[in-house]
Amino acid sequence: MKVFLTFFLFVSLAFQANAQESKHEVLDKATFKSSIENNAVALVDVRTASEFEAGHIDNAKNIDFLDTATFNTKIKALDKSKPVYIYCRSGNRSSKAAEVMKDSGFTRIYELEGGYFNWNSEDPIED
């Protein structure tokens, strides 16, 4: 019984430590903007190619979440230990993409609240 409890405690702590290593945070527009401007980060637009071509955030890389095979292949090429900033049109796809990325081992994922709609909104970004 002691062996089982010790094993269970060890496994529980290992899962807890692993869960703490991964971070997925939704950022407001101002925080997202300052984070991607002041740092050399991976910025990923998970919309379709046609959406990306119609307009995107400067320096973003297009990795279409709806093209599952390509998405999974291309995200594997990113450094999982470095922060990744993602966005889509409204926040739906980027939220799903963040979950896939967490499951793939990414440790710091930052998502733009409200997606590209929010980015292009007339709301001023406070300094």
# chains A, B, ... in the order shown; residues from 1 in each chain; ligands from 1
call {"tool": "closest_atom_pairs", "arguments": {"of": "range 83-118 of chain A", "to": "range 47-71 of chain A", "cutoff": "12 Å", "atoms": "only C-alpha atoms", "output": "Markdown table"}}
result
| residue | atom | partner | partner_atom | distance |
| --- | --- | --- | --- | --- |
| A:Val84 | CA | A:Ala60 | CA | 10.8 |
| A:Tyr85 | CA | A:Ala60 | CA | 9.2 |
| A:Ile86 | CA | A:Ala60 | CA | 8.8 |
| A:Tyr87 | CA | A:Arg47 | CA | 7.9 |
| A:Cys88 | CA | A:Arg47 | CA | 5.2 |
| A:Arg89 | CA | A:Arg47 | CA | 6.6 |
| A:Ser90 | CA | A:Arg47 | CA | 9.9 |
| A:Gly91 | CA | A:Arg47 | CA | 10.3 |
| A:Asn92 | CA | A:Arg47 | CA | 10.4 |
| A:Arg93 | CA | A:Phe65 | CA | 6.9 |
| A:Ser94 | CA | A:Phe65 | CA | 8.0 |
| A:Ser95 | CA | A:Phe65 | CA | 10.5 |
| A:Lys96 | CA | A:Phe65 | CA | 8.5 |
| A:Ala97 | CA | A:Phe65 | CA | 6.5 |
| A:Ala98 | CA | A:Phe65 | CA | 10.1 |
| A:Glu99 | CA | A:Phe65 | CA | 11.5 |
| A:Val100 | CA | A:Phe65 | CA | 9.7 |
| A:Met101 | CA | A:Phe71 | CA | 10.0 |
| A:Ser104 | CA | A:Phe71 | CA | 11.7 |
| A:Leu112 | CA | A:Ile57 | CA | 11.2 |
| A:Gly115 | CA | A:Arg47 | CA | 10.0 |
| A:Tyr116 | CA | A:His56 | CA | 7.5 |
| A:Phe117 | CA | A:His56 | CA | 10.5 |
| A:Asn118 | CA | A:Ile57 | CA | 11.6 |
call {"tool": "select_by_dssp", "arguments": {"residues": "range 18-109 of chain A", "states": "helix (DSSP H, G or I)", "output": "number ranges by chain"}}
result
A: 18-21, 29-38, 49-54, 68-76, 92-103
call {"tool": "atom_distance", "arguments": {"atom1": "CA of Ala42 in chain A", "atom2": "CA of Lys76 in chain A"}}
result
12.7 Å
call {"tool": "select_by_dssp", "arguments": {"residues": "range 6-113 of chain A", "states": "strand (DSSP E)", "output": "PyMOL selection string"}}
result
chain A and resi 23-27+42-45+61-62+84-87+108-112
call {"tool": "write_last_selection", "arguments": {"atoms": "C-alpha atoms", "output": "compact mmCIF listing (two decimals), in the first residue's frame"}}
result
# COMPACT_ATOMS: atom_id res chain seq x y z
CA LYS A 23 1.08 28.84 -19.94
CA HIS A 24 -1.76 30.02 -22.17
CA GLU A 25 -2.85 33.57 -21.59
CA VAL A 26 -5.30 35.80 -23.45
CA LEU A 27 -3.93 39.34 -23.71
CA ALA A 42 7.08 34.20 -32.90
CA LEU A 43 3.86 35.81 -34.14
CA VAL A 44 1.43 33.37 -35.74
CA ASP A 45 -1.77 34.18 -37.62
CA LYS A 61 3.62 34.09 -40.03
CA ASN A 62 0.50 32.47 -41.50
CA VAL A 84 4.46 32.28 -29.20
CA TYR A 85 1.87 34.99 -29.88
CA ILE A 86 -1.18 33.87 -31.84
CA TYR A 87 -4.33 35.37 -33.26
CA ARG A 108 4.20 30.01 -23.31
CA ILE A 109 1.29 30.84 -25.61
CA TYR A 110 -0.19 34.34 -25.73
CA GLU A 111 -3.43 34.90 -27.59
CA LEU A 112 -4.86 38.21 -28.81
call {"tool": "closest_residue", "arguments": {"among": "A:Val46, A:Asn120, A:Ser22, A:Val41", "to": "Asp79 in chain A", "atoms": "only C-alpha atoms"}}
result
A:Val41
call {"tool": "atom_distance", "arguments": {"atom1": "CA of Ser34 in chain A", "atom2": "CA of Thr107 in chain A"}}
result
20.2 Å
